[in-house]
>>> print(open('run.cif').read())   # mmCIF, C-alpha atoms
data_structure
loop_
_atom_site.label_atom_id
_atom_site.label_comp_id
_atom_site.auth_asym_id
_atom_site.auth_seq_id
_atom_site.Cartn_x
_atom_site.Cartn_y
_atom_site.Cartn_z
CA MET A 289 -19.04 71.82 26.31
CA PRO A 290 -22.14 70.34 24.82
CA ARG A 291 -21.32 72.04 21.51
CA ARG A 292 -17.77 70.61 21.41
CA GLY A 293 -19.17 67.14 22.24
CA LEU A 294 -21.60 67.39 19.35
CA ILE A 295 -18.82 68.39 16.96
CA LEU A 296 -16.70 65.45 18.11
CA GLN A 297 -19.52 62.98 17.61
CA THR A 298 -20.17 64.37 14.11
CA ARG A 299 -16.53 63.97 13.14
CA THR A 300 -16.47 60.47 14.51
CA HIS A 301 -19.56 59.60 12.51
CA TRP A 302 -18.08 60.89 9.25
CA LEU A 303 -14.81 59.13 9.96
CA LEU A 304 -16.55 55.79 10.37
CA LEU A 305 -18.60 56.43 7.27
CA GLY A 306 -15.45 57.20 5.32
CA LEU A 307 -13.78 54.01 6.55
CA ALA A 308 -16.84 52.00 5.55
CA LEU A 309 -16.80 53.51 2.09
CA LEU A 310 -13.10 52.83 1.77
CA CYS A 311 -13.57 49.21 2.75
CA SER A 312 -16.42 48.89 0.32
CA LEU A 313 -14.25 50.30 -2.47
CA VAL A 314 -11.40 47.97 -1.63
CA LEU A 315 -13.78 45.01 -1.55
CA PHE A 316 -15.28 46.04 -4.90
CA LEU A 317 -11.86 46.29 -6.51
CA TYR A 318 -10.94 42.88 -5.11
CA LEU A 319 -14.08 41.34 -6.53
CA LEU A 320 -13.40 42.88 -9.93
CA GLU A 321 -9.90 41.47 -9.88
CA CYS A 322 -11.04 37.96 -8.93
CA ALA A 323 -14.08 37.74 -11.25
CA PRO A 324 -13.83 35.17 -14.19
CA GLN A 325 -12.99 36.48 -17.64
CA THR A 326 -15.79 36.79 -20.20
CA ASP A 327 -13.56 36.21 -23.24
CA GLY A 328 -14.96 33.67 -25.80
CA ASN A 329 -11.74 31.62 -25.62
CA ALA A 330 -11.78 31.41 -21.85
CA PRO A 331 -12.41 27.95 -20.30
CA LEU A 332 -15.94 27.16 -19.17
CA PRO A 333 -16.76 25.46 -15.92
CA GLY A 334 -17.28 21.71 -16.27
CA ILE A 335 -16.72 18.72 -14.05
CA ILE A 336 -15.39 19.59 -10.66
CA GLY A 337 -11.64 19.94 -10.78
CA GLU A 338 -11.51 20.11 -14.65
CA ASN A 339 -11.90 22.88 -17.21
CA TYR A 340 -13.36 22.03 -20.71
CA GLY A 341 -13.19 24.38 -23.65
CA LYS A 342 -15.72 24.99 -26.39
CA GLU A 343 -13.97 22.55 -28.75
CA TYR A 344 -14.61 19.67 -26.33
CA TYR A 345 -18.36 20.21 -26.30
CA GLN A 346 -18.45 20.61 -30.06
CA ALA A 347 -16.58 17.31 -30.50
CA LEU A 348 -18.90 15.59 -28.03
CA LEU A 349 -21.93 16.88 -29.88
CA GLN A 350 -20.52 15.74 -33.23
CA GLU A 351 -19.78 12.27 -31.84
CA GLN A 352 -23.35 11.87 -30.61
CA GLU A 353 -24.67 13.05 -33.96
CA GLU A 354 -22.52 10.52 -35.84
CA HIS A 355 -23.71 7.74 -33.51
CA TYR A 356 -27.36 8.49 -34.20
CA GLN A 357 -26.71 8.80 -37.94
CA THR A 358 -25.04 5.36 -37.94
CA ARG A 359 -27.94 3.85 -36.02
CA ALA A 360 -30.43 5.40 -38.41
CA THR A 361 -28.52 4.06 -41.42
CA SER A 362 -28.48 0.57 -39.88
CA LEU A 363 -32.22 0.65 -39.26
CA LYS A 364 -32.87 1.83 -42.82
CA ARG A 365 -30.73 -1.04 -44.15
CA GLN A 366 -32.61 -3.59 -42.04
CA ILE A 367 -35.94 -2.23 -43.23
CA ALA A 368 -34.78 -2.50 -46.85
CA GLN A 369 -33.65 -6.09 -46.33
CA LEU A 370 -36.96 -7.03 -44.75
CA LYS A 371 -38.84 -5.45 -47.64
CA GLN A 372 -36.68 -7.38 -50.12
CA GLU A 373 -37.19 -10.69 -48.30
CA LEU A 374 -40.93 -10.05 -48.15
CA GLN A 375 -40.98 -9.36 -51.88
CA GLU A 376 -38.95 -12.52 -52.63
CA MET A 377 -41.28 -14.62 -50.50
CA SER A 378 -44.29 -13.15 -52.28
CA GLU A 379 -42.74 -13.89 -55.69
CA LYS A 380 -41.86 -17.41 -54.61
CA MET A 381 -45.39 -18.08 -53.40
CA ARG A 382 -46.79 -16.64 -56.65
CA SER A 383 -44.41 -18.80 -58.71
CA LEU A 384 -45.30 -21.94 -56.79
CA GLN A 385 -49.00 -21.22 -57.22
CA GLU A 386 -48.57 -20.66 -60.97
CA ARG A 387 -46.51 -23.83 -61.31
CA LYS A 388 -49.10 -25.75 -59.35
CA ASN A 389 -51.87 -24.49 -61.58
CA ILE A 390 -49.91 -25.25 -64.76
CA GLY A 391 -49.00 -28.74 -63.56
CA ALA A 392 -52.57 -29.49 -62.59
CA ASN A 393 -54.06 -28.16 -65.82
CA GLY A 394 -51.58 -30.15 -67.94
CA ILE A 395 -52.42 -33.54 -66.42
CA GLY A 396 -55.30 -35.68 -67.59
CA TYR A 397 -56.95 -38.26 -65.39
CA GLN A 398 -59.59 -40.66 -66.62
CA GLY A 399 -61.10 -41.31 -63.22
CA ASN A 400 -63.62 -38.97 -61.70
CA LYS A 401 -64.36 -36.25 -64.27
CA GLU A 402 -65.57 -33.88 -61.60
CA GLN A 403 -62.14 -33.65 -59.94
CA THR A 404 -60.55 -30.20 -59.81
CA PRO A 405 -56.91 -29.51 -60.88
CA SER A 406 -55.84 -29.31 -57.24
CA ASP A 407 -57.34 -32.75 -56.62
CA LEU A 408 -55.40 -34.17 -59.57
CA LEU A 409 -52.11 -32.72 -58.32
CA GLU A 410 -52.85 -34.03 -54.85
CA PHE A 411 -53.49 -37.47 -56.32
CA LEU A 412 -50.14 -37.48 -58.16
CA HIS A 413 -48.29 -36.45 -55.03
CA SER A 414 -50.06 -39.20 -53.13
CA GLN A 415 -48.68 -41.67 -55.68
CA ILE A 416 -45.15 -40.52 -54.81
CA ASP A 417 -45.89 -40.75 -51.10
CA LYS A 418 -47.12 -44.34 -51.46
CA ALA A 419 -44.25 -45.47 -53.71
CA GLU A 420 -40.95 -46.90 -52.43
CA VAL A 421 -39.11 -43.86 -53.81
CA SER A 422 -40.01 -42.02 -50.58
CA ILE A 423 -40.31 -44.78 -47.97
CA GLY A 424 -39.22 -48.38 -47.67
CA ALA A 425 -41.52 -51.34 -47.51
CA LYS A 426 -41.46 -54.50 -45.41
CA LEU A 427 -41.31 -57.54 -47.67
CA PRO A 428 -41.55 -61.23 -46.79
CA SER A 429 -38.36 -62.11 -48.72
CA GLU A 430 -35.97 -60.87 -51.38
CA TYR A 431 -38.30 -62.23 -54.05
CA GLY A 432 -40.74 -59.43 -53.28
CA VAL A 433 -38.22 -56.73 -54.23
CA ILE A 434 -38.91 -54.85 -57.47
CA PRO A 435 -35.59 -54.86 -59.37
CA PHE A 436 -33.99 -51.96 -61.18
CA GLU A 437 -32.72 -51.98 -64.75
CA SER A 438 -29.76 -49.81 -65.70
CA PHE A 439 -29.07 -47.72 -68.79
CA THR A 440 -26.59 -45.32 -70.34
CA LEU A 441 -26.89 -42.91 -73.25
CA MET A 442 -26.67 -45.75 -75.76
CA LYS A 443 -27.43 -49.01 -73.96
CA VAL A 444 -30.06 -50.63 -71.77
CA PHE A 445 -29.05 -53.50 -69.48
CA GLN A 446 -32.07 -55.73 -69.01
CA LEU A 447 -32.87 -58.23 -66.32
CA GLU A 448 -36.01 -59.91 -67.62
CA MET A 449 -34.83 -60.75 -71.13
CA GLY A 450 -34.87 -64.56 -70.95
CA LEU A 451 -32.09 -66.73 -72.29
CA THR A 452 -32.54 -65.90 -75.96
CA ARG A 453 -31.76 -62.17 -75.93
CA HIS A 454 -28.60 -60.25 -75.22
CA PRO A 455 -28.67 -58.59 -71.76
CA GLU A 456 -27.18 -55.44 -73.28
CA GLU A 457 -28.95 -53.85 -76.21
CA LYS A 458 -29.86 -50.59 -77.80
CA PRO A 459 -33.49 -49.61 -77.25
CA VAL A 460 -35.32 -50.80 -80.34
CA ARG A 461 -38.79 -49.59 -79.48
CA LYS A 462 -39.33 -45.90 -80.08
CA ASP A 463 -41.36 -45.43 -76.92
CA LYS A 464 -38.52 -46.80 -74.77
CA ARG A 465 -35.95 -44.58 -76.51
CA ASP A 466 -38.16 -41.51 -76.13
CA GLU A 467 -38.81 -42.33 -72.49
CA LEU A 468 -35.13 -42.50 -71.55
CA VAL A 469 -34.24 -39.41 -73.59
CA GLU A 470 -37.01 -37.47 -71.85
CA VAL A 471 -35.81 -38.63 -68.44
CA ILE A 472 -32.21 -37.56 -69.10
CA GLU A 473 -33.35 -34.17 -70.41
CA ALA A 474 -35.55 -33.71 -67.34
CA GLY A 475 -32.61 -34.54 -65.07
CA LEU A 476 -30.44 -31.97 -66.87
CA GLU A 477 -33.19 -29.38 -66.47
CA VAL A 478 -33.31 -30.04 -62.72
CA ILE A 479 -29.53 -29.66 -62.36
CA ASN A 480 -29.05 -26.64 -64.62
CA ASN A 481 -32.08 -24.76 -63.25
CA PRO A 482 -32.30 -25.81 -59.58
CA ASP A 483 -35.08 -24.77 -57.25
CA GLU A 484 -34.29 -22.94 -54.04
CA ASP A 485 -35.08 -26.05 -51.97
CA ASP A 486 -32.58 -28.27 -53.84
CA GLU A 487 -29.64 -29.51 -51.71
CA GLN A 488 -26.91 -28.36 -54.07
CA GLU A 489 -24.62 -25.39 -54.37
CA ASP A 490 -24.12 -23.26 -57.48
CA GLU A 491 -20.76 -24.00 -59.05
CA ASP A 492 -18.88 -21.79 -61.47
CA GLY A 493 -16.70 -22.84 -64.36
CA PRO A 494 -12.99 -22.02 -64.72
CA LEU A 495 -13.82 -18.58 -66.17
CA GLY A 496 -16.49 -17.76 -63.59
CA GLU A 497 -19.43 -18.66 -65.83
CA LYS A 498 -22.30 -20.83 -64.63
CA MET A 499 -21.51 -24.53 -64.96
CA ILE A 500 -23.92 -26.22 -67.37
CA PHE A 501 -24.35 -29.99 -67.55
CA ASN A 502 -25.21 -31.74 -70.82
CA GLU A 503 -26.01 -35.27 -71.96
CA ASN A 504 -22.31 -36.14 -72.22
CA ASP A 505 -22.06 -35.72 -68.44
CA PHE A 506 -24.63 -38.46 -67.88
CA ILE A 507 -22.91 -41.48 -66.27
CA GLU A 508 -25.63 -44.04 -65.67
CA GLY A 509 -29.23 -44.41 -64.62
CA TYR A 510 -31.53 -46.95 -62.99
CA TYR A 511 -35.29 -47.34 -63.32
CA ARG A 512 -38.04 -49.61 -62.11
CA THR A 513 -41.81 -49.55 -62.31
CA GLU A 514 -44.31 -50.19 -59.56
CA ARG A 515 -47.33 -51.34 -61.52
CA ASP A 516 -49.88 -49.51 -59.38
CA LYS A 517 -47.96 -46.29 -58.75
CA GLY A 518 -45.43 -45.27 -61.39
CA THR A 519 -41.82 -45.41 -62.56
CA GLN A 520 -38.83 -44.35 -60.48
CA TYR A 521 -35.64 -43.05 -62.10
CA GLU A 522 -32.24 -42.61 -60.43
CA LEU A 523 -29.85 -40.52 -62.55
CA PHE A 524 -26.15 -39.78 -61.98
CA PHE A 525 -24.19 -36.99 -63.68
CA LYS A 526 -20.52 -36.02 -63.35
CA LYS A 527 -18.19 -33.51 -64.95
CA ALA A 528 -14.88 -35.03 -66.08
CA ASP A 529 -12.80 -32.56 -64.05
CA LEU A 530 -14.87 -32.72 -60.85
CA MET A 531 -14.97 -35.28 -58.03
CA GLU A 532 -18.61 -34.73 -57.05
CA TYR A 533 -21.52 -36.54 -58.66
CA ARG A 534 -24.96 -35.05 -59.22
CA HIS A 535 -27.83 -37.38 -58.28
CA VAL A 536 -31.37 -36.69 -59.46
CA THR A 537 -34.38 -38.80 -58.50
CA LEU A 538 -37.47 -38.56 -60.71
CA PHE A 539 -40.81 -40.29 -60.52
CA ARG A 540 -43.46 -40.66 -63.21
CA PRO A 541 -46.78 -41.27 -61.43
CA PHE A 542 -48.45 -42.34 -64.65
CA GLY A 543 -48.23 -38.76 -65.79
CA PRO A 544 -45.61 -36.00 -66.21
CA LEU A 545 -42.30 -36.43 -64.41
CA MET A 546 -42.20 -35.02 -60.90
CA LYS A 547 -38.94 -34.20 -59.20
CA VAL A 548 -38.39 -35.94 -55.88
CA LYS A 549 -35.00 -34.53 -54.97
CA SER A 550 -31.77 -33.16 -56.40
CA GLU A 551 -28.60 -33.39 -54.38
CA MET A 552 -24.82 -33.32 -54.57
CA ILE A 553 -23.01 -36.49 -53.49
CA ASP A 554 -19.44 -36.28 -52.21
CA ILE A 555 -17.83 -39.73 -52.12
CA THR A 556 -14.25 -38.57 -51.62
CA ARG A 557 -14.26 -39.64 -47.96
CA SER A 558 -16.38 -42.78 -48.28
CA ILE A 559 -14.35 -45.81 -47.17
CA ILE A 560 -15.35 -49.31 -48.30
CA ASN A 561 -14.58 -52.31 -46.11
CA ILE A 562 -14.30 -55.32 -48.44
CA ILE A 563 -15.10 -58.47 -46.46
CA VAL A 564 -13.94 -61.75 -48.02
CA PRO A 565 -14.68 -65.15 -46.40
CA LEU A 566 -12.01 -67.67 -47.45
CA ALA A 567 -10.98 -71.28 -46.96
CA GLU A 568 -8.06 -73.02 -48.70
CA ARG A 569 -8.49 -71.34 -52.11
CA THR A 570 -5.09 -69.66 -51.97
CA GLU A 571 -4.53 -69.62 -55.75
CA ALA A 572 -7.78 -67.76 -56.26
CA PHE A 573 -6.76 -65.42 -53.45
CA VAL A 574 -3.51 -64.63 -55.30
CA GLN A 575 -5.52 -63.53 -58.36
CA PHE A 576 -7.93 -61.60 -56.15
CA MET A 577 -5.07 -59.69 -54.50
CA GLN A 578 -3.58 -58.85 -57.90
CA ASN A 579 -6.82 -57.17 -58.92
CA PHE A 580 -7.13 -55.66 -55.42
CA ARG A 581 -3.66 -54.13 -55.76
CA ASP A 582 -4.41 -52.63 -59.18
CA VAL A 583 -7.89 -51.30 -58.39
CA CYS A 584 -8.03 -50.58 -54.66
CA ILE A 585 -4.46 -49.66 -53.75
CA HIS A 586 -3.26 -47.90 -56.90
CA GLN A 587 -6.54 -46.33 -58.09
CA ASP A 588 -9.24 -46.00 -55.42
CA LYS A 589 -7.08 -45.72 -52.26
CA ARG A 590 -10.15 -45.62 -49.96
CA ILE A 591 -10.42 -49.30 -49.15
CA HIS A 592 -10.03 -51.53 -46.10
CA LEU A 593 -9.73 -55.29 -46.64
CA THR A 594 -11.04 -57.82 -44.11
CA VAL A 595 -10.22 -61.48 -44.75
CA VAL A 596 -11.99 -64.08 -42.62
CA TYR A 597 -10.11 -67.35 -43.02
CA PHE A 598 -11.55 -70.72 -41.96
CA GLY A 599 -9.23 -73.53 -40.91
CA LYS A 600 -5.48 -73.83 -40.53
CA GLU A 601 -4.47 -75.26 -43.89
CA GLY A 602 -3.32 -72.46 -46.18
CA LEU A 603 -3.46 -69.81 -43.46
CA SER A 604 0.30 -69.24 -43.54
CA LYS A 605 0.24 -68.69 -47.31
CA VAL A 606 -2.57 -66.15 -46.98
CA LYS A 607 -0.55 -64.29 -44.35
CA SER A 608 2.47 -64.38 -46.67
CA ILE A 609 0.43 -62.93 -49.55
CA LEU A 610 -0.88 -60.08 -47.40
CA GLU A 611 2.60 -59.34 -46.03
CA SER A 612 3.97 -59.32 -49.58
CA VAL A 613 1.37 -56.78 -50.67
CA THR A 614 2.14 -54.68 -47.59
CA SER A 615 5.87 -54.60 -48.34
CA GLU A 616 5.44 -53.91 -52.06
CA SER A 617 2.66 -51.31 -51.91
CA ASN A 618 3.02 -49.98 -48.35
CA PHE A 619 -0.60 -51.03 -47.73
CA HIS A 620 -1.59 -51.61 -44.09
CA ASN A 621 -5.37 -51.20 -44.21
CA TYR A 622 -6.29 -54.84 -43.83
CA THR A 623 -7.52 -57.19 -41.12
CA LEU A 624 -7.02 -60.97 -41.05
CA VAL A 625 -9.43 -62.93 -38.83
CA SER A 626 -8.71 -66.63 -38.33
CA LEU A 627 -11.50 -69.08 -37.41
CA ASN A 628 -10.65 -72.69 -36.66
CA GLU A 629 -13.96 -74.08 -37.88
CA GLU A 630 -15.71 -75.32 -41.01
CA PHE A 631 -16.26 -72.78 -43.77
CA ASN A 632 -19.55 -70.86 -43.60
CA ARG A 633 -19.97 -67.81 -45.81
CA GLY A 634 -22.69 -66.18 -43.71
CA ARG A 635 -20.68 -66.74 -40.54
CA GLY A 636 -17.60 -65.24 -42.20
CA LEU A 637 -19.45 -62.12 -43.36
CA ASN A 638 -20.93 -61.61 -39.91
CA VAL A 639 -17.55 -61.97 -38.18
CA GLY A 640 -15.90 -59.68 -40.73
CA ALA A 641 -18.54 -56.99 -40.26
CA ARG A 642 -18.19 -57.09 -36.48
CA ALA A 643 -14.39 -56.88 -36.72
CA TRP A 644 -14.67 -53.26 -37.87
CA ASP A 645 -14.58 -50.81 -34.95
CA LYS A 646 -13.58 -47.49 -36.54
CA GLY A 647 -16.98 -45.89 -36.96
CA GLU A 648 -19.32 -45.74 -39.95
CA VAL A 649 -18.16 -47.60 -43.05
CA LEU A 650 -19.64 -49.01 -46.26
CA MET A 651 -19.31 -52.82 -46.26
CA PHE A 652 -18.81 -54.76 -49.51
CA PHE A 653 -19.59 -58.46 -49.06
CA CYS A 654 -17.29 -60.00 -51.65
CA ASP A 655 -16.17 -63.47 -52.81
CA VAL A 656 -12.60 -64.37 -53.67
CA ASP A 657 -13.38 -65.05 -57.33
CA ILE A 658 -15.13 -61.72 -58.05
CA TYR A 659 -13.36 -59.33 -60.41
CA PHE A 660 -14.42 -55.68 -59.94
CA SER A 661 -13.31 -52.26 -61.15
CA ALA A 662 -12.86 -48.82 -59.57
CA GLU A 663 -16.06 -47.66 -61.32
CA PHE A 664 -17.98 -50.44 -59.62
CA LEU A 665 -16.72 -49.26 -56.21
CA ASN A 666 -18.03 -45.78 -56.97
CA SER A 667 -21.37 -47.31 -57.96
CA CYS A 668 -21.47 -48.94 -54.53
CA ARG A 669 -20.87 -45.58 -52.89
CA LEU A 670 -23.52 -43.84 -54.99
CA ASN A 671 -26.26 -46.45 -54.53
CA ALA A 672 -25.87 -47.26 -50.82
CA GLU A 673 -27.03 -44.95 -48.04
CA PRO A 674 -26.32 -45.49 -44.33
CA GLY A 675 -29.37 -46.81 -42.50
CA LYS A 676 -31.61 -46.56 -45.60
CA LYS A 677 -30.41 -48.36 -48.72
CA VAL A 678 -28.29 -51.38 -49.64
CA PHE A 679 -26.92 -52.25 -53.08
CA TYR A 680 -27.40 -55.74 -54.56
CA PRO A 681 -25.61 -56.13 -57.93
CA VAL A 682 -26.07 -59.26 -60.03
CA VAL A 683 -22.58 -60.45 -60.93
CA PHE A 684 -21.63 -60.88 -64.55
CA SER A 685 -21.02 -64.60 -64.27
CA LEU A 686 -24.75 -65.24 -63.91
CA TYR A 687 -25.11 -64.74 -67.68
CA ASN A 688 -24.59 -67.55 -70.13
CA PRO A 689 -21.31 -66.89 -72.08
CA ALA A 690 -22.77 -68.75 -75.05
CA ILE A 691 -25.37 -65.98 -75.35
CA VAL A 692 -23.30 -63.00 -74.22
CA TYR A 693 -20.43 -63.80 -76.62
CA ALA A 694 -22.40 -65.71 -79.22
CA SER A 695 -20.77 -63.75 -82.05
CA GLN A 696 -17.23 -64.69 -80.91
CA ASP A 697 -15.40 -68.00 -81.06
CA VAL A 698 -14.12 -67.73 -77.50
CA PRO A 699 -14.87 -65.31 -74.64
CA PRO A 700 -12.43 -62.37 -74.46
CA PRO A 701 -9.99 -61.89 -71.56
CA VAL A 702 -11.34 -60.68 -68.26
CA GLU A 703 -10.04 -57.14 -68.77
CA GLN A 704 -11.95 -56.84 -72.05
CA GLN A 705 -15.05 -58.40 -70.60
CA LEU A 706 -15.47 -55.31 -68.44
CA HIS A 707 -16.28 -53.38 -71.62
CA ALA A 708 -19.07 -55.83 -72.43
CA PRO A 709 -22.36 -56.08 -70.49
CA ARG A 710 -22.14 -54.73 -66.97
CA PRO A 711 -24.11 -55.67 -63.85
CA VAL A 712 -27.68 -54.79 -64.71
CA TRP A 713 -29.69 -55.08 -61.56
CA ASN A 714 -29.68 -53.55 -58.15
CA THR A 715 -32.24 -53.00 -55.45
CA THR A 716 -32.66 -50.25 -52.92
CA GLN A 717 -34.53 -51.68 -49.98
CA ASP A 718 -35.48 -50.33 -46.59
CA LEU A 719 -33.38 -52.02 -43.94
CA ASN A 720 -36.51 -52.69 -41.93
CA SER A 721 -37.29 -55.54 -44.32
CA ARG A 722 -34.36 -57.40 -42.73
CA LEU A 723 -33.27 -58.97 -46.00
#
>>> encode(input="run.cif", output="structure tokens")
Amino acid sequence: MPRRGLILQTRTHWLLLGLALLCSLVLFLYLLECAPQTDGNAPLPGIIGENYGKEYYQALLQEQEEHYQTRATSLKRQIAQLKQELQEMSEKMRSLQERKNIGANGIGYQGNKEQTPSDLLEFLHSQIDKAEVSIGAKLPSEYGVIPFESFTLMKVFQLEMGLTRHPEEKPVRKDKRDELVEVIEAGLEVINNPDEDDEQEDEDGPLGEKMIFNENDFIEGYYRTERDKGTQYELFFKKADLMEYRHVTLFRPFGPLMKVKSEMIDITRSIINIIVPLAERTEAFVQFMQNFRDVCIHQDKRIHLTVVYFGKEGLSKVKSILESVTSESNFHNYTLVSLNEEFNRGRGLNVGARAWDKGEVLMFFCDVDIYFSAEFLNSCRLNAEPGKKVFYPVVFSLYNPAIVYASQDVPPPVEQQLHAPRPVWNTTQDLNSRL
């Protein structure tokens, strides 16, 4: 019995061992069946729930590489720009230093012989700083103003010429001719070869070439001399086919010309408010409105008219004249202010100025018997500056016709008189002087 029991236990042991091996084999086959494939095209594990192939990671890597290449290119470009700007600044500083040395070495000064070139240049700049070309001056009255004289390519219009000389003449003295020629050439040099700090933009011609100004583009100039500082020159240039004017200010501080500024002036949007005080003189007003219609309405077209009328007599006729001009020319830019009081020109100008409420405007204080042209209106725009400068022209009628037209039997008509001597004097005065 013990032997049979031993045999039974041995069989049972081998049976269990065989079952264990069978289960192990089955489990091994199951694992082989469920194991992931090792093929190169098989999907790789990625984010949970998604399978990404090899192409995805290659594309992602290429995208990152392109991003860094773009960033590197941008940084290289910025470095190149900074190097270029640094080089330009260095060249500019070198050029300014050379120009400063040349200007100082070319200027003689009979004062202190021990002064260095830098001291001489500093002295000349101090002359500009002290002159009225840079800042205004408070004066006790209008008699303290230093007047300007005007000139063109061929003529000089003088103020202090007495009653025995023509106000318009060609420069007879060689030094005066050479002076004005030098000034015009210096102004052309400033315009055609501007510095980087000039307030003007480069303009191209119709074929794309650089626009060059010459002496034929010179319109007019003004100059005056401060006896203890130097001579100031205001020059205006204009191309025939352009609307903008070029304005150059030069100053001769008893030495070589020194540029003060060069700028472009756009007067296309500058409106002039012509203020006319009036009382009774309706016939003169009819003539004034005829010239106003021809010059302001048909040519300039940037004008507002303010009429300040004193009294009642003639007021209806003035209204009728204005209404007639409105109906004929479709002109509505006018204001009629009626004052039932005695005529006072200063009072009329003050009331007319305060009647304007449409913002900044250039005011032209005018009389009813003044005859002006469209060119004169542009001169007003060019020579007046808001808050800084006013323009005082001396009217033509101040000259003696017996001297102006001495070579003629009778004075020519008004239209032809405009081709004779023009207004010759104007002042630019700081408004703080309260003239």
>>> closest_residue(input="run.cif", among="A:His535, A:Lys364, A:Arg512, A:Lys677", to="A:Phe436", atoms="all atoms listed in the file")
A:Arg512
>>> closest_residue(input="run.cif", among="A:Arg382, A:Leu530, A:Arg365, A:Phe542", to="A:Phe411", atoms="all atoms listed in the file")
A:Phe542
>>> atom_distance(input="run.cif", atom1="atom CA of A:Arg540", atom2="atom CA of A:Lys498")
29.0 Å
>>> closest_residue(input="run.cif", among="A:Ala474, A:Val698, A:Val678, A:Val692", to="A:Pro455", atoms="only C-alpha atoms")
A:Val692
>>> resolve_selection(input="run.cif", expression="the PyMOL selection byres ((chain A and resi 549-556) around 10)", output="MDAnalysis selection string")
chainID A and resid 475 478:479 482:483 485:489 523:525 531:539 546:548 557:559 588 590 666 669:670
>>> residues_around(input="run.cif", residues="A:His592", least_positions_apart="4", cutoff="9 Å", atoms="only C-alpha atoms", output="ChimeraX atom specification")
/A:559-563,584,620-623
>>> write_last_selection(input="run.cif", atoms="C-alpha atoms", output="mmCIF file, in the frame of the given file")
data_model
loop_
_atom_site.group_PDB
_atom_site.id
_atom_site.type_symbol
_atom_site.label_atom_id
_atom_site.label_comp_id
_atom_site.auth_asym_id
_atom_site.auth_seq_id
_atom_site.Cartn_x
_atom_site.Cartn_y
_atom_site.Cartn_z
ATOM 1 C CA ILE A 559 -14.350 -45.810 -47.170
ATOM 2 C CA ILE A 560 -15.350 -49.310 -48.300
ATOM 3 C CA ASN A 561 -14.580 -52.310 -46.110
ATOM 4 C CA ILE A 562 -14.300 -55.320 -48.440
ATOM 5 C CA ILE A 563 -15.100 -58.470 -46.460
ATOM 6 C CA CYS A 584 -8.030 -50.580 -54.660
ATOM 7 C CA HIS A 620 -1.590 -51.610 -44.090
ATOM 8 C CA ASN A 621 -5.370 -51.200 -44.210
ATOM 9 C CA TYR A 622 -6.290 -54.840 -43.830
ATOM 10 C CA THR A 623 -7.520 -57.190 -41.120
#
>>> atom_distance(input="run.cif", atom1="atom CA of A:Glu457", atom2="atom CA of A:Val444")
5.6 Å
>>> atom_distance(input="run.cif", atom1="atom CA of A:Leu610", atom2="atom CA of A:Asp657")
16.7 Å
>>> closest_residue(input="run.cif", among="A:Pro700, A:Gly306, A:Gly509, A:Gly518", to="A:Gly543", atoms="all atoms listed in the file")
A:Gly518
>>> closest_residue(input="run.cif", among="A:Thr519, A:Asn632, A:Gln357, A:Ser312", to="A:Val564", atoms="all atoms listed in the file")
A:Asn632
>>> closest_residue(input="run.cif", among="A:Glu373, A:Asp645, A:Asp529, A:Glu437", to="A:Met499", atoms="all atoms listed in the file")
A:Asp529
>>> resolve_selection(input="run.cif", expression="the PyMOL selection byres ((chain A and resi 514) around 12)", output="list in words")
Gln415, Ile416, Lys418, Ala419, Glu420, Val421, Gly432, Val433, Ile434, Pro435, Phe436, Tyr511, Arg512, Thr513, Arg515, Asp516, Lys517, Gly518, Thr519, Gln520, Tyr521, Phe539, Arg540, Pro541 and Phe542 of chain A
>>> write_last_selection(input="run.cif", atoms="C-alpha atoms", output="PDB file, in the frame of the given file")
ATOM      1  CA  GLN A 415     -48.680 -41.670 -55.680  1.00  0.00           C
ATOM      2  CA  ILE A 416     -45.150 -40.520 -54.810  1.00  0.00           C
ATOM      3  CA  LYS A 418     -47.120 -44.340 -51.460  1.00  0.00           C
ATOM      4  CA  ALA A 419     -44.250 -45.470 -53.710  1.00  0.00           C
ATOM      5  CA  GLU A 420     -40.950 -46.900 -52.430  1.00  0.00           C
ATOM      6  CA  VAL A 421     -39.110 -43.860 -53.810  1.00  0.00           C
ATOM      7  CA  GLY A 432     -40.740 -59.430 -53.280  1.00  0.00           C
ATOM      8  CA  VAL A 433     -38.220 -56.730 -54.230  1.00  0.00           C
ATOM      9  CA  ILE A 434     -38.910 -54.850 -57.470  1.00  0.00           C
ATOM     10  CA  PRO A 435     -35.590 -54.860 -59.370  1.00  0.00           C
ATOM     11  CA  PHE A 436     -33.990 -51.960 -61.180  1.00  0.00           C
ATOM     12  CA  TYR A 511     -35.290 -47.340 -63.320  1.00  0.00           C
ATOM     13  CA  ARG A 512     -38.040 -49.610 -62.110  1.00  0.00           C
ATOM     14  CA  THR A 513     -41.810 -49.550 -62.310  1.00  0.00           C
ATOM     15  CA  ARG A 515     -47.330 -51.340 -61.520  1.00  0.00           C
ATOM     16  CA  ASP A 516     -49.880 -49.510 -59.380  1.00  0.00           C
ATOM     17  CA  LYS A 517     -47.960 -46.290 -58.750  1.00  0.00           C
ATOM     18  CA  GLY A 518     -45.430 -45.270 -61.390  1.00  0.00           C
ATOM     19  CA  THR A 519     -41.820 -45.410 -62.560  1.00  0.00           C
ATOM     20  CA  GLN A 520     -38.830 -44.350 -60.480  1.00  0.00           C
ATOM     21  CA  TYR A 521     -35.640 -43.050 -62.100  1.00  0.00           C
ATOM     22  CA  PHE A 539     -40.810 -40.290 -60.520  1.00  0.00           C
ATOM     23  CA  ARG A 540     -43.460 -40.660 -63.210  1.00  0.00           C
ATOM     24  CA  PRO A 541     -46.780 -41.270 -61.430  1.00  0.00           C
ATOM     25  CA  PHE A 542     -48.450 -42.340 -64.650  1.00  0.00           C
TER      26      PHE A 542
END
